[in-house]
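S.K.: Attaching a single structure in structure tokens format; questions to follow.
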Amino acid sequence: MLEIKKITVRYGENPPVLEDFSLLVRRGEIVAIVGESGSGKTTVIRAVLGNLPGDGRVTKGDILFEGRSLLSLNREEWRRLRGTQISMIFQDSGAMMNPTRSVGAQFVEYIRAHSGLTKNEAREKSLEMLSSVRLPDPERVMKSYPFELSGGMRQRVGIAMALAFRPKLLLADEPTSALDVTTQAQIVRQMTLQKKESDAAMILITHNLALAAYMSDHIIVLKDGKVVDSGSRDHILRRPESGYTKNLLAAVPAVKGARYV
Amino acid sequence: MSEEREKIIRVENVTKEYAVSASRSLIACDNISLPFFRGQTLGIVGESGCGKSTLMRLLLGVERPTSGKIIFRGQNICDLKGEALRRHRQRIQMVFQDPSEAFHPKMKIKEILCEPLLNFRLIRKSEMKAKAAELLTMVELSPDLAERYPHALSGGQRQRIGIARALALEPEVLICDESTSALDVSVQKKIVELLCRLQREKDLTIGFICHDIALVHSCAHTLAVMYLGSVVELLPCGDIEETARHPYTKALLSAVFDLEMDFTKEIDSIESEAPSPLNRPDGCPFRNRCPRQKEICGREKPPLRSVAPDHFAACHLLF
Amino acid sequence: MKKAFAFLGEHRLFTFFAAMAVLVVTVAVLSPLIVPYDPYDAVTREALQPPGAEHWFGTDKLGRDLFSRVICASRTSLFSAFLLVTCVTVIGSALGIIAGYFGGAADSVIMRVSDMMISFPGLVLAIAIAGILGPSLTNAIIAVTAVSWTKYARLSRSLVLKIKSKDYVAAGKLSGSKTKRMLFRYMLPTSLPTLLITATMDIGKMMLELAALCFLGFGAQPPTPEWGLMMNEGRLYLQTAPWLLIFPGAAMFVVVVIFNMLGDSLRDIMDPRHRRAGRRRKEVKHA
């Protein structure tokens with residue numbers, strides 16, 4: 001599905017923020033990229049989406065999506081790809097919406113921008129998507145403004161939008177980090193459910209190693225732009241290769257875990 | 001254990017209401033009673049909007065409760081004003097959540113650390129350098145940082161500076177408001193270890209406010225779980241997975257992702273989200289999310305009752 | 001020293017206008033020493049002479065040398081404008097910071113008074129005040145101060161409100177800082193840069209307002225050399241001796257432009273948003 005081959009990303013002449021990074025996601029698989037702030041994990045997603053900010057660019061390697069290189073696409077080809085075949089779930093979907101327009105209007109506009117549907121068909125589709133992510137009373141959600149919804153509901157709307165065109169690849173950037181604990185569990189459950197229904201591939205960016213372990217098939221641990229560990233969940237949790245991963249594992253607080261008092 | 005320990009702060013029936021409009025008010029804290037034991041950590045857990053930050057502001061004397069008392073060593077701190085309040089602040093200090101917002105951007109680390117001491121005339125200007133070095137060493141930082149500005153430091157270093165500043169006055173109580181939430185996991189662990197070490201050395205009482213129940217569990221002696229302005233469970237922080245009784249505490253525990261969990265099992269979570277504090281249900285605040293609510297839950301708000309020694313819960317279903 | 005030169009080299013525009021401003025101020029300070037004639041010395045038989053070798057700017061109706069008068073007037077105009085801006089900035093910011101920091105009753109009173117001041121047309125109110133107090137330069141300054149402080153009060157209040165809810169302000173208070181320290185160490189330094197930039201940008205405007213009052217006869221009184229007043233005196237001879245109007249007007253124009261541009265370039269340096277835009281332009285140039 002998506003193959004990243006040894007890419008290096010640089011901003012201007014600065015040292016690379018991501019070095020020799022490779023990744024392979026297959027149909028229906030979830031790959032998690034775990035790292036602390038400044039590890040370069042968001043850079044991966046931006047490189048895949050082709051929107052590195054400022055003067056960032058991929059200086060080495062290639063990114064292949066279904067066998068095609070993403071690095072050589074022009075603007076029109078990107079437009080056709082983004083939102084339909086590759087879509088994104090943000091940390092705070094509410095912040096990505098226009099606060100002065102209703103959720104429904106924005107959803108309909110989003111669908112129509114990427115398809116030839118009429119207004120009514122797009123509305124039908126939005127309602128269908130909203131109920132598929134188990135939002136209670138989708139009619140009311142459509143009429144609401146982003147600030148009237150809770151964080152969890154906004155995140156569900158974000159997921160519904162990202163899934164609207166049955167994308168082949170989902171990029172999720174810290175999708176639950178801004179949420180309360182119980183809401184996080186709900187959203188995670190929703191995402192795993194969705195994963196079972198579709199055969200989309202997903203790249204999950206998170207700082208939460210336990211969440212990565214729960215959701216994904218393959219985990220990549222990043223530190224300062226370099227891969228320090230990569231492997232299956234079992235491999236990472238039981239037989240990590242680097243000292244960094246071991247430290248990270250030891251630092252995750254657990255209810256049954258160590259106490260300092 | 002708690003019988004031998006002195007109660008340094010007693011929060012007694014504290015309620016805080018904010019008027020939203022003429023007819024409506026927001027109850028941020030509803031009749032809360034909590035003890036802080038000397039030299040121990042009270043962990044306060046809850047989701048956003050549960051009133052834990054309001055409680056903290058009341059403890060620090062930044063705001064006054066609508067009713068109720070906060071007794072600090074026999075004195076009701078809610079009545080303090082002006083100079084008395086300023087003096088009181090020597091005894092209770094706080095570490096902020098976001099270390100990038102907590103310091104005057106134009107002050108050097110040295111000035112930041114010594115500001116409280118100079119304010120209370122505990123040191124002279126000429127002693128600043130030595131004192132700053134001493135405080136920096138206490139939080140395991142190099143004394144060379146004294147001449148830098150906060151923006152030149154990493155998040156973890158800044159949070160250590162925050163702790164050093166709070167402890168400069170040698171307070172008896174330290175309030176940590178989500179002090180580790182903005183940090184990376186590995187840094188978070190080190191900060192918690194530092195707090196626990198300082199607590200042992202200085203016999204410090206800590207109020208540790210956090211949304212991560214697993215983290216609070218790792219460093220607190222007692223755990224208070226708050227929901228929509230009420231304390232729903234207060235329990236000794238040992239084997240909480242076994243001892244927790246309130247359905248909300250259980251829901252919080254089951255929603256934790258940790259490395260010991262069963263990865264094959266579907267994650268448990270209660271449905272829906274906490275209602276806004278403006279729109280609290282009658283009776284039990286947790287009622288409309290509770291999997292087992294009964295008729296009485298809608299009628300009466302359950303009081304905090306003892307379910308085991310040192311263990312209290314507010315739930316009709318337990319009695 | 002090297003650093004200072006590097007700074008000036010990087011901000012050419014600022015350097016140029018700062019140098020010009022220094023020049024203007026120097027001329028104003030040294031004006032009694034530079035001028036060829038005594039500005040008060042009336043020689044009636046030389047009245048209304050056009051500009052020439054003897055009198056560069058010509059003479060006025062009393063035969064006073066216009067060049068000397070224009071130069072000496074810079075002293076009056078410049079220093080009254082500086083004094084005015086200082087008064088306005090200090091009074092306005094102090095009231096604004098107090099209103100913002102304490103809130104409550106202090107805030108309501110100060111801001112309502114400032115609302116009242118704003119709802120009057122400024123110049124008319126200044127004329128009224130100058131009229132009541134009697135026409136003199138000092139009273140003109142008081143009058144303009146009375147109508148102009150509100151802008152600074154609003155500005156500093158909003159700056160204070162912006163930082164008041166920040167954690168580090170709460171931390172300062174929790175560290176036992178007294179109110180005086182909170183105001184001078186926390187509130188003032190964070191709002192000062194913006195206030196100073198605004199003040200610099202206002203020098204020109206204030207100078208014009210004062211000149212307007214003087215022109216209308218509510219400010220400096222004859223025979224004091226003052227640009228606004230001189231223009232008023234020259235007004236009657238517009239047809240026969242236009243230099244009486246042109247030279248004071250041109251002097252005022254040049255000085256106002258210098259101070260406005262100085263304020264502008266200062267804002268470009270201090271405001272990070274403008275700074276970033278500037279840097280980006282430079283990068284594009286390099287590329």
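Ordered as shown in the structure tokens, chains take letters A, B, and onward, while each chain numbers its residues from 1 and ligands are numbered from 1 in the order shown.
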Which parts of region 49-298 of chain B does DSSP call strand (DSSP E) when run on the backbone here, written out as an MDAnalysis selection string?

M.R.: chainID B and resid 67:72 75:76 92:95 173:177 205:210 222:227 230:236

S.K.: Hey, can you spit out that residue selection with C-alpha atoms as a JSON list (two decimals), in the first residue's frame?

M.R.:
[["chain", "number", "residue", "atom", "x", "y", "z"],
["B", 67, "SER", "CA", -19.32, 28.38, 51.48],
["B", 68, "GLY", "CA", -17.27, 26.05, 53.62],
["B", 69, "LYS", "CA", -13.90, 26.26, 55.27],
["B", 70, "ILE", "CA", -10.32, 25.37, 54.50],
["B", 71, "ILE", "CA", -8.49, 24.88, 57.76],
["B", 72, "PHE", "CA", -4.70, 25.11, 57.54],
["B", 75, "GLN", "CA", -6.65, 28.59, 60.82],
["B", 76, "ASN", "CA", -9.38, 29.18, 58.23],
["B", 92, "ILE", "CA", 1.73, 26.73, 50.45],
["B", 93, "GLN", "CA", 3.25, 26.90, 46.99],
["B", 94, "MET", "CA", 2.46, 25.57, 43.60],
["B", 95, "VAL", "CA", 4.03, 24.07, 40.48],
["B", 173, "VAL", "CA", 2.43, 22.15, 51.22],
["B", 174, "LEU", "CA", 3.13, 21.89, 47.52],
["B", 175, "ILE", "CA", 0.33, 21.85, 44.96],
["B", 176, "CYS", "CA", 1.17, 20.34, 41.59],
["B", 177, "ASP", "CA", -1.49, 21.19, 39.03],
["B", 205, "THR", "CA", 2.71, 17.53, 51.86],
["B", 206, "ILE", "CA", 1.81, 17.33, 48.19],
["B", 207, "GLY", "CA", -1.48, 17.85, 46.41],
["B", 208, "PHE", "CA", -0.98, 16.15, 43.07],
["B", 209, "ILE", "CA", -3.65, 17.04, 40.55],
["B", 210, "CYS", "CA", -3.61, 14.98, 37.39],
["B", 222, "THR", "CA", -4.30, 8.73, 49.03],
["B", 223, "LEU", "CA", -6.37, 9.09, 45.93],
["B", 224, "ALA", "CA", -9.40, 11.35, 45.54],
["B", 225, "VAL", "CA", -11.49, 10.83, 42.43],
["B", 226, "MET", "CA", -13.55, 13.83, 41.37],
["B", 227, "TYR", "CA", -16.45, 13.95, 38.99],
["B", 230, "SER", "CA", -17.89, 16.20, 43.70],
["B", 231, "VAL", "CA", -15.45, 13.80, 45.27],
["B", 232, "VAL", "CA", -16.89, 10.40, 44.39],
["B", 233, "GLU", "CA", -14.26, 8.21, 45.97],
["B", 234, "LEU", "CA", -11.43, 8.66, 48.43],
["B", 235, "LEU", "CA", -9.22, 5.66, 48.91],
["B", 236, "PRO", "CA", -5.77, 4.62, 50.06]]

S.K.: What's the 9 Å shell around region 103-106 of chain A, counting only C-alpha atoms, without same-chain residues fewer than 6 positions away, as a ChimeraX atom specification?

M.R.: /A:97,123,126-127,139,141-146,157

S.K.: Let me see the file: selected residues, all heavy atoms, as an mmCIF file, in the first residue's frame.

M.R.:
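result-v8.cif, written as the output of this step:
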data_model
loop_
_atom_site.group_PDB
_atom_site.id
_atom_site.type_symbol
_atom_site.label_atom_id
_atom_site.label_comp_id
_atom_site.auth_asym_id
_atom_site.auth_seq_id
_atom_site.Cartn_x
_atom_site.Cartn_y
_atom_site.Cartn_z
ATOM 1 N N MET A 97 -11.760 22.981 11.959
ATOM 2 C CA MET A 97 -13.018 23.414 11.360
ATOM 3 C C MET A 97 -13.186 24.917 11.515
ATOM 4 O O MET A 97 -12.639 25.530 12.421
ATOM 5 C CB MET A 97 -14.193 22.712 12.049
ATOM 6 C CG MET A 97 -14.268 21.233 11.717
ATOM 7 S SD MET A 97 -15.760 20.537 12.430
ATOM 8 C CE MET A 97 -15.084 19.215 13.410
ATOM 9 N N ARG A 123 -25.491 15.537 1.706
ATOM 10 C CA ARG A 123 -26.085 15.604 3.036
ATOM 11 C C ARG A 123 -26.401 14.214 3.561
ATOM 12 O O ARG A 123 -26.107 13.881 4.707
ATOM 13 C CB ARG A 123 -27.365 16.443 2.962
ATOM 14 C CG ARG A 123 -27.657 17.208 4.215
ATOM 15 C CD ARG A 123 -28.993 17.907 4.079
ATOM 16 N NE ARG A 123 -29.909 17.388 5.079
ATOM 17 C CZ ARG A 123 -29.788 17.667 6.371
ATOM 18 N NH1 ARG A 123 -28.839 18.451 6.804
ATOM 19 N NH2 ARG A 123 -30.626 17.150 7.247
ATOM 20 N N SER A 126 -23.228 12.584 4.569
ATOM 21 C CA SER A 126 -22.698 13.078 5.843
ATOM 22 C C SER A 126 -23.433 12.435 7.015
ATOM 23 O O SER A 126 -22.811 11.991 7.978
ATOM 24 C CB SER A 126 -22.849 14.599 5.964
ATOM 25 O OG SER A 126 -22.657 15.230 4.761
ATOM 26 N N LEU A 127 -24.761 12.401 6.901
ATOM 27 C CA LEU A 127 -25.550 11.829 7.992
ATOM 28 C C LEU A 127 -25.173 10.367 8.208
ATOM 29 O O LEU A 127 -25.010 9.908 9.340
ATOM 30 C CB LEU A 127 -27.053 11.937 7.673
ATOM 31 C CG LEU A 127 -27.656 13.306 7.917
ATOM 32 C CD1 LEU A 127 -29.080 13.364 7.391
ATOM 33 C CD2 LEU A 127 -27.638 13.617 9.412
ATOM 34 N N GLU A 139 -28.489 14.417 13.125
ATOM 35 C CA GLU A 139 -29.178 15.604 12.610
ATOM 36 C C GLU A 139 -28.773 16.843 13.417
ATOM 37 O O GLU A 139 -28.512 17.903 12.874
ATOM 38 C CB GLU A 139 -30.705 15.426 12.711
ATOM 39 C CG GLU A 139 -31.276 14.403 11.750
ATOM 40 C CD GLU A 139 -31.524 14.995 10.368
ATOM 41 O OE1 GLU A 139 -31.313 16.208 10.201
ATOM 42 O OE2 GLU A 139 -31.899 14.215 9.470
ATOM 43 N N VAL A 141 -26.117 17.149 15.349
ATOM 44 C CA VAL A 141 -24.686 17.419 15.190
ATOM 45 C C VAL A 141 -24.453 18.249 13.934
ATOM 46 O O VAL A 141 -23.656 19.186 13.928
ATOM 47 C CB VAL A 141 -23.894 16.096 15.113
ATOM 48 C CG1 VAL A 141 -22.434 16.370 14.765
ATOM 49 C CG2 VAL A 141 -23.984 15.357 16.433
ATOM 50 N N MET A 142 -25.195 17.903 12.853
ATOM 51 C CA MET A 142 -25.033 18.649 11.592
ATOM 52 C C MET A 142 -25.326 20.124 11.781
ATOM 53 O O MET A 142 -24.699 20.985 11.170
ATOM 54 C CB MET A 142 -25.996 18.094 10.530
ATOM 55 C CG MET A 142 -25.674 16.703 10.058
ATOM 56 S SD MET A 142 -24.365 16.673 8.839
ATOM 57 C CE MET A 142 -25.258 17.087 7.356
ATOM 58 N N LYS A 143 -26.314 20.420 12.635
ATOM 59 C CA LYS A 143 -26.726 21.818 12.806
ATOM 60 C C LYS A 143 -25.828 22.564 13.790
ATOM 61 O O LYS A 143 -25.879 23.787 13.880
ATOM 62 C CB LYS A 143 -28.170 21.871 13.306
ATOM 63 C CG LYS A 143 -29.173 21.624 12.196
ATOM 64 C CD LYS A 143 -30.579 21.911 12.682
ATOM 65 C CE LYS A 143 -31.596 21.215 11.811
ATOM 66 N NZ LYS A 143 -32.378 20.207 12.523
ATOM 67 N N SER A 144 -25.028 21.820 14.563
ATOM 68 C CA SER A 144 -24.237 22.472 15.610
ATOM 69 C C SER A 144 -22.999 23.149 15.029
ATOM 70 O O SER A 144 -22.537 22.819 13.949
ATOM 71 C CB SER A 144 -23.760 21.445 16.634
ATOM 72 O OG SER A 144 -24.761 20.556 16.953
ATOM 73 N N TYR A 145 -22.480 24.092 15.816
ATOM 74 C CA TYR A 145 -21.200 24.709 15.484
ATOM 75 C C TYR A 145 -20.112 23.950 16.233
ATOM 76 O O TYR A 145 -20.385 23.384 17.292
ATOM 77 C CB TYR A 145 -21.219 26.185 15.893
ATOM 78 C CG TYR A 145 -22.100 26.988 14.981
ATOM 79 C CD1 TYR A 145 -23.447 27.128 15.245
ATOM 80 C CD2 TYR A 145 -21.583 27.535 13.819
ATOM 81 C CE1 TYR A 145 -24.272 27.818 14.378
ATOM 82 C CE2 TYR A 145 -22.396 28.232 12.956
ATOM 83 C CZ TYR A 145 -23.744 28.375 13.234
ATOM 84 O OH TYR A 145 -24.530 29.046 12.371
ATOM 85 N N PRO A 146 -18.898 23.957 15.708
ATOM 86 C CA PRO A 146 -17.846 23.161 16.337
ATOM 87 C C PRO A 146 -17.725 23.371 17.849
ATOM 88 O O PRO A 146 -17.532 22.414 18.591
ATOM 89 C CB PRO A 146 -16.580 23.615 15.611
ATOM 90 C CG PRO A 146 -17.043 24.027 14.268
ATOM 91 C CD PRO A 146 -18.426 24.569 14.454
ATOM 92 N N VAL A 157 -16.502 13.455 14.635
ATOM 93 C CA VAL A 157 -16.809 14.121 13.365
ATOM 94 C C VAL A 157 -15.572 14.080 12.463
ATOM 95 O O VAL A 157 -15.663 13.773 11.272
ATOM 96 C CB VAL A 157 -17.250 15.582 13.585
ATOM 97 C CG1 VAL A 157 -17.401 16.312 12.261
ATOM 98 C CG2 VAL A 157 -18.552 15.629 14.363
#

S.K.: From the list A:Ile33, A:Pro53, A:Gly83, A:Glu66, which residue is nearest Ala113 (chain A) when using only C-alpha atoms?

M.R.: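 Checking each candidate against Ala113 (chain A), we get A:Gly83 as the closest.
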
S.K.: Using only C-alpha atoms, determine which residues of chain C fall within 9 Å of chain B; present them as a PyMOL selection string.

M.R.: chain C and resi 166-178+186+189-190

S.K.: Report as an mmCIF file with all heavy atoms, in the first residue's frame all protein, DNA and RNA residues lying within 10 Å of Ile98 (chain C), evaluated on only C-alpha atoms, omitting residues in the same chain fewer than 6 positions from it.

M.R.:
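Okay, this is what ended up in part.cif:
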data_model
loop_
_atom_site.group_PDB
_atom_site.id
_atom_site.type_symbol
_atom_site.label_atom_id
_atom_site.label_comp_id
_atom_site.auth_asym_id
_atom_site.auth_seq_id
_atom_site.Cartn_x
_atom_site.Cartn_y
_atom_site.Cartn_z
ATOM 1 N N GLY C 92 -1.697 58.202 30.598
ATOM 2 C CA GLY C 92 -2.538 57.184 29.976
ATOM 3 C C GLY C 92 -2.144 55.781 30.387
ATOM 4 O O GLY C 92 -2.985 54.989 30.809
ATOM 5 N N ALA C 106 -12.132 50.370 39.942
ATOM 6 C CA ALA C 106 -11.109 51.228 39.338
ATOM 7 C C ALA C 106 -11.237 51.167 37.818
ATOM 8 O O ALA C 106 -11.216 52.191 37.127
ATOM 9 C CB ALA C 106 -9.718 50.758 39.761
ATOM 10 N N ASP C 107 -11.396 49.946 37.323
ATOM 11 C CA ASP C 107 -11.511 49.740 35.886
ATOM 12 C C ASP C 107 -12.736 50.488 35.340
ATOM 13 O O ASP C 107 -12.635 51.222 34.363
ATOM 14 C CB ASP C 107 -11.631 48.237 35.627
ATOM 15 C CG ASP C 107 -11.551 47.902 34.150
ATOM 16 O OD1 ASP C 107 -10.989 48.713 33.405
ATOM 17 O OD2 ASP C 107 -12.049 46.835 33.773
ATOM 18 N N ILE C 110 -12.265 54.433 35.447
ATOM 19 C CA ILE C 110 -11.280 54.932 34.476
ATOM 20 C C ILE C 110 -11.785 54.754 33.048
ATOM 21 O O ILE C 110 -11.708 55.669 32.224
ATOM 22 C CB ILE C 110 -9.924 54.214 34.669
ATOM 23 C CG1 ILE C 110 -9.314 54.640 36.004
ATOM 24 C CG2 ILE C 110 -8.978 54.545 33.520
ATOM 25 C CD1 ILE C 110 -8.078 53.878 36.383
ATOM 26 N N ALA C 153 -4.447 54.687 27.597
ATOM 27 C CA ALA C 153 -5.103 53.932 28.666
ATOM 28 C C ALA C 153 -5.682 52.641 28.097
ATOM 29 O O ALA C 153 -5.503 51.559 28.650
ATOM 30 C CB ALA C 153 -6.195 54.775 29.309
ATOM 31 N N SER C 156 -2.719 50.217 27.041
ATOM 32 C CA SER C 156 -1.999 49.552 28.119
ATOM 33 C C SER C 156 -2.938 48.615 28.877
ATOM 34 O O SER C 156 -2.529 47.548 29.314
ATOM 35 C CB SER C 156 -1.381 50.580 29.070
ATOM 36 O OG SER C 156 -2.375 51.435 29.552
ATOM 37 N N ARG C 157 -4.213 48.994 28.982
ATOM 38 C CA ARG C 157 -5.156 48.112 29.657
ATOM 39 C C ARG C 157 -5.255 46.784 28.917
ATOM 40 O O ARG C 157 -5.219 45.709 29.520
ATOM 41 C CB ARG C 157 -6.528 48.774 29.727
ATOM 42 C CG ARG C 157 -7.599 47.891 30.344
ATOM 43 C CD ARG C 157 -8.901 48.674 30.496
ATOM 44 N NE ARG C 157 -9.962 47.847 31.011
ATOM 45 C CZ ARG C 157 -10.806 47.206 30.222
ATOM 46 N NH1 ARG C 157 -10.692 47.271 28.913
ATOM 47 N NH2 ARG C 157 -11.761 46.462 30.749
ATOM 48 N N VAL C 160 -2.198 44.705 29.484
ATOM 49 C CA VAL C 160 -2.174 44.122 30.821
ATOM 50 C C VAL C 160 -3.143 42.941 30.907
ATOM 51 O O VAL C 160 -2.811 41.884 31.428
ATOM 52 C CB VAL C 160 -2.512 45.188 31.876
ATOM 53 C CG1 VAL C 160 -2.876 44.549 33.196
ATOM 54 C CG2 VAL C 160 -1.346 46.133 32.052
ATOM 55 N N LEU C 183 3.146 45.509 39.594
ATOM 56 C CA LEU C 183 2.914 46.542 38.587
ATOM 57 C C LEU C 183 4.203 46.916 37.867
ATOM 58 O O LEU C 183 4.247 46.999 36.651
ATOM 59 C CB LEU C 183 2.311 47.789 39.245
ATOM 60 C CG LEU C 183 0.877 47.645 39.745
ATOM 61 C CD1 LEU C 183 0.424 48.913 40.436
ATOM 62 C CD2 LEU C 183 -0.063 47.339 38.581
ATOM 63 N N MET C 187 3.804 44.040 35.021
ATOM 64 C CA MET C 187 2.866 44.661 34.083
ATOM 65 C C MET C 187 3.561 45.676 33.180
ATOM 66 O O MET C 187 3.405 45.652 31.978
ATOM 67 C CB MET C 187 1.746 45.364 34.854
ATOM 68 C CG MET C 187 0.932 44.415 35.690
ATOM 69 S SD MET C 187 0.220 43.162 34.640
ATOM 70 C CE MET C 187 0.042 41.816 35.761
#

S.K.: Could you please write out, as a ChimeraX atom specification, every residue of region 17-219 of chain C that DSSP assigns to helix (DSSP H, G or I)?

M.R.: /C:17-34,44-46,66-102,104-119,122-133,137-164,167-174,179-215

S.K.: With a cut-off of 12 Å and counting only C-alpha atoms, select all residues of chain A in contact with chain C and give the selection as a list in words.

M.R.: Gly12, Gly54 and Asp55 of chain A

S.K.: Could you dump the residues just selected with all heavy atoms as a tab-separated table (two decimals), in the first residue's frame?

M.R.:
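Full text of result37.tsv as output:
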chain	number	residue	atom	x	y	z
A	12	GLY	N	16.02	23.48	4.94
A	12	GLY	CA	17.13	24.33	4.52
A	12	GLY	C	18.43	23.55	4.60
A	12	GLY	O	18.52	22.41	4.16
A	54	GLY	N	7.53	25.41	5.20
A	54	GLY	CA	8.71	26.22	4.91
A	54	GLY	C	9.56	25.61	3.82
A	54	GLY	O	9.06	25.17	2.79
A	55	ASP	N	10.87	25.55	4.07
A	55	ASP	CA	11.75	25.04	3.04
A	55	ASP	C	12.15	23.59	3.31
A	55	ASP	O	13.24	23.16	2.97
A	55	ASP	CB	12.99	25.93	2.93
A	55	ASP	CG	13.62	26.17	4.29
A	55	ASP	OD1	13.06	25.66	5.28
A	55	ASP	OD2	14.64	26.86	4.37

S.K.: If we count only C-alpha atoms, what is near Ala274 (chain B) at a cut-off of 10 Å, once residues fewer than 4 positions away on the same chain are taken out, given as a VMD selection string?

M.R.: (chain A and resid 150 180 182 to 183) or (chain B and resid 47 to 50 227 to 228 279 to 280 285 to 286 288 to 289)

S.K.: Write to file, as a PDB file, in the first residue's frame, the residues of the selection just made, with C-alpha atoms.

M.R.:
ATOM      1  CA  SER A 150     -17.470  18.206  23.152  1.00  0.00           C
ATOM      2  CA  ASP A 180     -10.118  12.846  28.487  1.00  0.00           C
ATOM      3  CA  THR A 182     -12.667   7.766  29.179  1.00  0.00           C
ATOM      4  CA  THR A 183     -13.272   9.555  25.879  1.00  0.00           C
TER       5      THR A 183
ATOM      6  CA  GLU B  47     -11.452  14.625  33.764  1.00  0.00           C
ATOM      7  CA  SER B  48     -11.688  18.153  32.434  1.00  0.00           C
ATOM      8  CA  GLY B  49     -14.395  20.186  34.130  1.00  0.00           C
ATOM      9  CA  CYS B  50     -14.482  18.100  37.309  1.00  0.00           C
ATOM     10  CA  TYR B 227     -16.455  13.946  38.988  1.00  0.00           C
ATOM     11  CA  LEU B 228     -18.483  17.043  38.089  1.00  0.00           C
ATOM     12  CA  ASN B 279     -26.026  21.127  33.195  1.00  0.00           C
ATOM     13  CA  ARG B 280     -25.588  18.705  36.084  1.00  0.00           C
ATOM     14  CA  PRO B 285     -23.797  13.348  39.222  1.00  0.00           C
ATOM     15  CA  PHE B 286     -22.569  10.182  37.537  1.00  0.00           C
ATOM     16  CA  ASN B 288     -26.518   9.183  33.280  1.00  0.00           C
ATOM     17  CA  ARG B 289     -23.270   7.429  32.459  1.00  0.00           C
TER      18      ARG B 289
END

S.K.: Select all residues from chain B having any atom no more than 9 Å from an atom of chain A (counting only C-alpha atoms, ignoring ligands), output as a PyMOL selection string.

M.R.: chain B and resi 40-41+46-48+183-190+192-193+196-197+200+211-221+238-241+251-264+266-273
